[in-house]
file my_file13.cif (mmCIF, C-alpha atoms)
data_work
loop_
_atom_site.label_atom_id
_atom_site.label_comp_id
_atom_site.auth_asym_id
_atom_site.auth_seq_id
_atom_site.Cartn_x
_atom_site.Cartn_y
_atom_site.Cartn_z
CA MET A 1187 184.02 73.02 141.57
CA ASN A 1188 185.26 76.52 142.43
CA GLU A 1189 185.97 75.68 146.06
CA ARG A 1190 187.41 79.09 146.92
CA GLY A 1191 184.41 80.94 145.49
CA ILE A 1192 181.93 78.62 147.21
CA ALA A 1193 183.77 79.00 150.52
CA GLU A 1194 183.56 82.80 150.22
CA ASP A 1195 179.81 82.52 149.54
CA LEU A 1196 179.41 80.40 152.66
CA VAL A 1197 181.35 82.97 154.67
CA GLY A 1198 178.86 85.53 153.38
CA LEU A 1199 176.10 83.34 154.77
CA GLY A 1200 177.61 83.37 158.24
CA LEU A 1201 180.30 80.68 158.40
CA THR A 1202 183.89 81.33 159.40
CA GLN A 1203 186.65 80.75 156.86
CA TYR A 1204 187.63 77.46 158.53
CA GLU A 1205 183.99 76.30 158.75
CA ALA A 1206 183.37 77.08 155.08
CA LYS A 1207 186.50 75.24 153.95
CA ALA A 1208 185.69 72.25 156.17
CA TYR A 1209 182.12 71.98 154.83
CA VAL A 1210 183.34 72.12 151.23
CA ALA A 1211 185.84 69.34 152.05
CA LEU A 1212 183.11 67.21 153.67
CA VAL A 1213 180.89 67.52 150.59
CA ARG A 1214 183.60 65.89 148.45
CA ARG A 1215 183.36 62.54 150.28
CA ASP A 1216 180.71 60.33 151.84
CA SER A 1217 182.50 60.65 155.17
CA SER A 1218 185.90 61.74 156.44
CA THR A 1219 187.93 61.63 159.60
CA ALA A 1220 188.85 64.87 161.29
CA ALA A 1221 192.43 64.47 160.08
CA GLN A 1222 191.26 64.00 156.50
CA VAL A 1223 189.06 67.08 156.65
CA ALA A 1224 191.93 69.12 158.09
CA ARG A 1225 194.21 68.03 155.24
CA LEU A 1226 191.66 68.56 152.46
CA ALA A 1227 190.41 71.88 153.82
CA GLY A 1228 193.76 73.31 154.86
CA VAL A 1229 192.55 73.82 158.44
CA PRO A 1230 195.08 73.47 161.29
CA ARG A 1231 194.66 70.08 162.97
CA GLN A 1232 194.51 71.68 166.42
CA ARG A 1233 191.44 73.61 165.26
CA ILE A 1234 189.59 70.99 163.22
CA TYR A 1235 187.58 69.42 166.08
CA ASP A 1236 186.22 72.80 167.17
CA VAL A 1237 185.37 73.62 163.57
CA LEU A 1238 183.55 70.31 162.96
CA SER A 1239 181.71 70.65 166.28
CA SER A 1240 180.53 74.12 165.26
CA LEU A 1241 179.33 72.84 161.88
CA ALA A 1242 177.36 70.11 163.67
CA GLU A 1243 175.76 72.67 166.03
CA LYS A 1244 174.70 74.75 163.01
CA GLY A 1245 173.15 71.71 161.34
CA LEU A 1246 175.66 71.45 158.49
CA ALA A 1247 177.52 68.28 159.51
CA ALA A 1248 176.98 65.12 161.49
CA ALA A 1249 179.33 62.69 163.29
CA ARG A 1250 179.29 58.93 162.67
CA PRO A 1251 180.43 57.07 165.76
CA GLY A 1252 182.83 54.13 165.38
CA ASP A 1253 186.35 53.05 166.18
CA VAL A 1254 187.36 56.23 164.38
CA VAL A 1255 184.75 58.97 164.39
CA LYS A 1256 183.93 60.16 160.92
CA TYR A 1257 182.05 63.24 159.77
CA THR A 1258 179.63 63.70 156.94
CA ALA A 1259 178.14 66.77 155.33
CA VAL A 1260 174.45 67.52 155.52
CA ALA A 1261 172.99 67.77 152.00
CA PRO A 1262 173.68 71.22 150.48
CA ASP A 1263 170.00 72.09 150.03
CA GLN A 1264 169.39 71.49 153.75
CA ALA A 1265 172.68 73.10 154.78
CA ILE A 1266 172.21 76.26 152.73
CA GLY A 1267 168.59 76.46 153.85
CA ARG A 1268 169.75 76.21 157.45
CA LEU A 1269 172.29 79.01 156.93
CA VAL A 1270 169.64 81.23 155.36
CA GLU A 1271 167.34 80.53 158.28
CA LEU A 1272 170.08 81.40 160.76
CA GLN A 1273 170.67 84.65 158.89
CA ARG A 1274 166.96 85.43 159.02
CA GLU A 1275 166.91 84.78 162.77
CA ALA A 1276 169.97 86.97 163.29
CA PHE A 1277 168.43 89.75 161.21
CA SER A 1278 165.18 89.50 163.14
CA ARG A 1279 167.09 89.78 166.43
CA ALA A 1280 169.01 92.77 165.04
CA GLU A 1281 165.73 94.44 164.05
CA SER A 1282 164.35 93.89 167.55
CA MET A 1283 167.49 95.28 169.19
CA ALA A 1284 167.50 98.24 166.79
CA ALA A 1285 163.89 99.02 167.61
CA ALA A 1286 164.59 98.84 171.35
CA ALA A 1287 167.67 101.06 171.02
CA LEU A 1288 165.72 103.52 168.88
CA ALA A 1289 162.93 103.69 171.44
CA GLU A 1290 165.45 104.50 174.17
CA LEU A 1291 167.71 106.88 172.26
CA THR A 1292 165.16 108.98 170.35
CA PRO A 1293 163.57 110.69 173.39
CA ALA A 1294 167.04 111.33 174.85
CA TYR A 1295 168.22 112.81 171.55
CA ILE A 1296 165.18 115.09 171.27
CA ALA A 1297 165.65 116.26 174.86
CA GLY A 1298 169.36 116.77 174.29
CA GLN A 1299 168.71 119.12 171.39
CA GLN A 1300 167.00 121.45 173.83
CA GLU A 1301 169.95 121.49 176.20
CA SER A 1302 173.01 123.68 175.80
CA ASP A 1303 176.00 124.41 177.97
CA PRO A 1304 175.40 127.83 179.58
CA LEU A 1305 179.15 128.44 179.43
CA GLU A 1306 179.80 127.07 175.95
CA TYR A 1307 181.05 130.48 174.86
CA ILE A 1308 183.96 130.22 177.32
CA GLU A 1309 187.14 128.33 176.40
CA VAL A 1310 190.06 127.74 178.78
CA LEU A 1311 193.57 127.10 177.44
CA ARG A 1312 196.65 126.29 179.50
CA ASP A 1313 199.06 124.57 177.12
CA ARG A 1314 201.39 127.11 175.48
CA ARG A 1315 201.23 125.37 172.12
CA ALA A 1316 197.43 125.28 172.21
CA ILE A 1317 197.37 128.97 173.16
CA ASN A 1318 199.58 129.90 170.20
CA GLU A 1319 197.53 127.83 167.76
CA ARG A 1320 194.22 129.25 169.00
CA PHE A 1321 195.51 132.83 168.97
CA ASN A 1322 196.84 132.43 165.41
CA GLU A 1323 193.50 130.98 164.35
CA LEU A 1324 191.65 133.96 165.82
CA GLN A 1325 194.07 136.41 164.21
CA ARG A 1326 193.41 134.87 160.81
CA GLY A 1327 189.69 135.41 161.32
CA ILE A 1328 189.84 139.12 162.20
CA GLU A 1329 187.53 141.24 160.09
CA ARG A 1330 188.04 144.81 161.39
CA GLU A 1331 190.22 145.37 164.42
CA ILE A 1332 192.31 143.90 167.20
CA LEU A 1333 193.06 145.65 170.51
CA VAL A 1334 195.74 144.22 172.79
CA PHE A 1335 197.15 144.65 176.29
CA THR A 1336 200.62 143.14 175.89
CA LYS A 1337 202.62 142.13 178.93
CA PRO A 1338 204.89 139.23 179.91
CA PRO A 1339 204.92 136.29 179.90
CA TYR A 1340 204.50 136.24 176.13
CA ALA A 1341 202.98 133.17 174.47
CA THR A 1342 204.35 134.48 171.17
CA PRO A 1343 206.87 137.36 171.47
CA ALA A 1344 206.41 140.25 169.06
CA GLN A 1345 209.50 139.32 167.06
CA GLU A 1346 208.01 135.85 166.37
CA ASN A 1347 204.40 136.83 165.67
CA GLU A 1348 204.40 136.72 161.87
CA GLU A 1349 200.62 136.28 161.72
CA GLY A 1350 200.24 139.47 163.76
CA LEU A 1351 202.34 141.46 161.28
CA VAL A 1352 199.93 140.52 158.50
CA VAL A 1353 197.00 141.60 160.68
CA ALA A 1354 198.67 144.94 161.47
CA THR A 1355 199.11 145.59 157.77
CA ASP A 1356 195.51 144.93 156.76
CA HIS A 1357 193.42 145.83 159.83
CA VAL A 1358 193.09 148.31 162.66
CA ALA A 1359 195.62 147.09 165.20
CA ARG A 1360 196.27 148.84 168.50
CA SER A 1361 198.49 147.55 171.27
CA ILE A 1362 199.30 148.86 174.71
CA TYR A 1363 202.64 147.70 176.11
CA GLU A 1364 204.25 147.96 179.51
CA PHE A 1365 207.41 150.04 179.82
CA SER A 1366 209.18 146.74 180.59
CA ALA A 1367 209.04 145.96 176.86
CA PHE A 1368 212.08 148.24 176.44
CA ASP A 1369 214.09 145.92 178.73
CA ASP A 1370 214.07 143.20 176.05
CA THR A 1371 216.04 144.32 172.99
CA ALA A 1372 214.71 141.55 170.72
CA PHE A 1373 211.14 142.17 171.79
CA ILE A 1374 211.27 145.93 171.29
CA ARG A 1375 212.69 145.38 167.80
CA GLY A 1376 209.67 143.20 167.13
CA VAL A 1377 207.44 146.03 168.34
CA GLU A 1378 209.16 148.39 165.89
CA GLN A 1379 208.37 145.95 163.08
CA PHE A 1380 204.72 146.04 164.10
CA LEU A 1381 204.74 149.85 164.07
CA GLN A 1382 206.24 149.83 160.59
CA ALA A 1383 203.53 147.40 159.47
CA GLY A 1384 200.81 149.83 160.62
CA GLU A 1385 200.13 149.02 164.26
CA GLU A 1386 199.37 151.89 166.64
CA ALA A 1387 200.97 151.57 170.05
CA ARG A 1388 200.95 153.12 173.49
CA PHE A 1389 203.13 152.43 176.53
CA VAL A 1390 202.16 152.52 180.22
CA PRO A 1391 204.03 151.65 183.43
CA HIS A 1392 201.79 148.67 184.24
CA LEU A 1393 198.92 146.65 182.77
CA PRO A 1394 196.55 144.70 185.03
CA LEU A 1395 196.33 141.69 182.75
CA LYS A 1396 196.92 140.34 179.24
CA LEU A 1397 193.95 141.20 177.05
CA VAL A 1398 192.88 140.88 173.41
CA ILE A 1399 189.64 142.23 171.95
CA ILE A 1400 188.74 141.15 168.42
CA ASP A 1401 186.01 142.78 166.35
CA GLU A 1402 184.09 143.85 169.47
CA SER A 1403 182.93 140.26 169.88
CA ILE A 1404 185.75 138.00 171.08
CA VAL A 1405 187.83 138.55 174.20
CA LEU A 1406 191.00 136.77 175.28
CA PHE A 1407 192.61 137.43 178.61
CA GLY A 1408 195.22 135.76 180.77
CA MET A 1409 194.42 134.85 184.36
CA GLU A 1410 197.02 134.59 187.12
CA ASP A 1411 196.57 132.81 190.45
CA PRO A 1412 195.66 135.72 192.78
CA VAL A 1413 197.28 133.98 195.76
CA ALA A 1414 200.33 132.14 194.47
CA GLY A 1415 200.97 134.06 191.28
CA SER A 1416 202.45 132.27 188.30
CA THR A 1417 204.48 132.75 185.17
CA ASP A 1418 202.42 130.03 183.48
CA LEU A 1419 199.82 131.14 180.97
CA THR A 1420 196.13 130.39 181.47
CA LEU A 1421 194.09 131.95 178.71
CA LEU A 1422 190.33 132.41 178.58
CA VAL A 1423 188.62 132.89 175.24
CA ILE A 1424 185.11 134.35 175.52
CA GLU A 1425 182.79 135.06 172.61
CA HIS A 1426 180.51 137.69 174.13
CA PRO A 1427 179.89 141.03 172.36
CA SER A 1428 178.64 142.81 175.51
CA LEU A 1429 181.79 141.89 177.44
CA ALA A 1430 183.94 142.88 174.47
CA GLN A 1431 182.29 146.27 174.24
CA ILE A 1432 182.70 147.16 177.91
CA LEU A 1433 186.34 146.04 177.84
CA LYS A 1434 186.90 148.15 174.76
CA ILE A 1435 185.83 151.17 176.83
CA ALA A 1436 188.41 150.21 179.46
CA PHE A 1437 191.00 149.76 176.72
CA GLY A 1438 190.25 153.26 175.47
CA ALA A 1439 190.78 154.73 178.92
CA VAL A 1440 194.19 153.09 179.28
CA TRP A 1441 195.09 154.06 175.71
CA ALA A 1442 194.36 157.71 176.48
CA SER A 1443 196.80 157.65 179.39
CA GLY A 1444 199.60 155.95 177.44
CA LEU A 1445 202.70 157.34 175.74
CA THR A 1446 203.75 156.85 172.14
CA PHE A 1447 206.83 154.77 171.34
CA GLU A 1448 209.02 157.86 171.04
CA GLN A 1449 207.61 159.47 174.20
CA ALA A 1450 208.07 156.30 176.24
CA ARG A 1451 211.63 155.75 175.04
CA ALA A 1452 212.50 159.41 175.76
CA GLN A 1453 210.99 159.24 179.24
CA LEU A 1454 212.84 156.04 180.11
CA SER A 1455 216.10 157.47 178.78
CA ALA A 1456 215.61 160.59 180.92
CA GLN A 1457 214.95 158.43 183.98
CA GLU A 1458 218.14 156.47 183.35
CA SER A 1459 220.12 159.70 182.96
CA ARG A 1460 218.82 161.06 186.28
CA ALA A 1461 219.57 157.75 187.98
CA THR A 1462 223.19 157.85 186.86
#
call {"tool": "encode", "arguments": {"input": "my_file13.cif", "output": "structure tokens"}}
result
Amino acid sequence: MNERGIAEDLVGLGLTQYEAKAYVALVRRDSSTAAQVARLAGVPRQRIYDVLSSLAEKGLAAARPGDVVKYTAVAPDQAIGRLVELQREAFSRAESMAAAALAELTPAYIAGQQESDPLEYIEVLRDRRAINERFNELQRGIEREILVFTKPPYATPAQENEEGLVVATDHVARSIYEFSAFDDTAFIRGVEQFLQAGEEARFVPHLPLKLVIIDESIVLFGMEDPVAGSTDLTLLVIEHPSLAQILKIAFGAVWASGLTFEQARAQLSAQESRAT
């Protein structure tokens, strides 16, 4: 008898591994003590009484009272039939529960398909790493142009924005920087790299906020606490063509008032000379 294979079949019919092994062991003798079943079946002795009790409850074994209680197996045709019946009952209960769950969930699902978040086009990011990853993802998806108000604090400084250099080479890229960019030698060298890659740039004394407009459809801008102020970055990503278009008009107005790289550097140098 392939005891291991039979035990696996019994497990498939709903018994536990220990129950299956114990039943197979019981079948091999007219009756056996719990200790004998444990030894023959390879079931831990501390578990054997629970296992035999469970087999009795399922109608697969019976106890014979005496000075030493012995256990006997119910005939295989009755035992297997009982297991099949238990499986049928379990399946019937599962069908009933599935029908009840379906009746409850289907109307809710249908109603849910009609609902949408009115602000689903707005995304708020505060973690610097998440901001960098999202910005890089958006840069990779640019089709035509990117317009940027660049001011500190920088999530990704110009000298580290390798993805942006690729964008500046292949797309329309315009950035407006604050004059303060010239205070950071490493940053301004990064700006020069962007200009060499094809970016157009203007410089102004002050920018009201950090802003990115992509393809006249996606807007990113940084928000600062109007009361406390903060150097932490909170970035909003909004997919809204109408907002993007009106902000592009504002961008154009600031662009028209800005100085080129050479003009800004010359003006700042002249200011420093007068100050000294």
call {"tool": "closest_residue", "arguments": {"input": "my_file13.cif", "among": "A:Val1405, A:Arg1274, A:Glu1346, A:Arg1360", "to": "A:His1426", "atoms": "only C-alpha atoms"}}
result
A:Val1405
call {"tool": "atom_distance", "arguments": {"input": "my_file13.cif", "atom1": "atom CA of A:Ile1328", "atom2": "atom CA of A:Glu1425"}}
result
13.2 Å
call {"tool": "resolve_selection", "arguments": {"input": "my_file13.cif", "expression": "the PyMOL selection byres ((chain A and resi 1427-1433) around 9)", "output": "number ranges by chain"}}
result
A: 1399-1405, 1424-1426, 1434-1438
call {"tool": "residues_around", "arguments": {"input": "my_file13.cif", "residues": "A:Arg1214", "least_positions_apart": "4", "cutoff": "12 Å", "atoms": "only C-alpha atoms", "output": "list in words"}}
result
Met1187, Glu1189, Lys1207, Ala1208, Tyr1209, Val1210, Ser1218, Gln1222, Val1223, Leu1226, Ala1227, Tyr1257, Thr1258, Ala1259, Val1260, Ala1261 and Pro1262 of chain A
call {"tool": "closest_residue", "arguments": {"input": "my_file13.cif", "among": "A:Val1377, A:Ala1285, A:Ala1211, A:Ala1450", "to": "A:Gly1228", "atoms": "all atoms listed in the file"}}
result
A:Ala1211
call {"tool": "closest_residue", "arguments": {"input": "my_file13.cif", "among": "A:Glu1205, A:Phe1277, A:Glu1448, A:Leu1351", "to": "A:Ala1242", "atoms": "only C-alpha atoms"}}
result
A:Glu1205
call {"tool": "closest_residue", "arguments": {"input": "my_file13.cif", "among": "A:Gly1191, A:Pro1251, A:Pro1391, A:Gly1376", "to": "A:Thr1219", "atoms": "all atoms listed in the file"}}
result
A:Pro1251
call {"tool": "atom_distance", "arguments": {"input": "my_file13.cif", "atom1": "atom CA of A:Glu1364", "atom2": "atom CA of A:Val1390"}}
result
5.1 Å
call {"tool": "closest_residue", "arguments": {"input": "my_file13.cif", "among": "A:Leu1422, A:Leu1406, A:Lys1337, A:Val1229", "to": "A:Leu1393", "atoms": "all atoms listed in the file"}}
result
A:Lys1337
call {"tool": "closest_residue", "arguments": {"input": "my_file13.cif", "among": "A:Leu1241, A:Val1353, A:Leu1212, A:Ile1234", "to": "A:Ala1383", "atoms": "only C-alpha atoms"}}
result
A:Val1353
call {"tool": "resolve_selection", "arguments": {"input": "my_file13.cif", "expression": "the PyMOL selection byres ((chain A and resi 1382) around 12)", "output": "PyMOL selection string"}}
result
chain A and resi 1351-1352+1354-1355+1359+1375-1381+1383-1387+1447
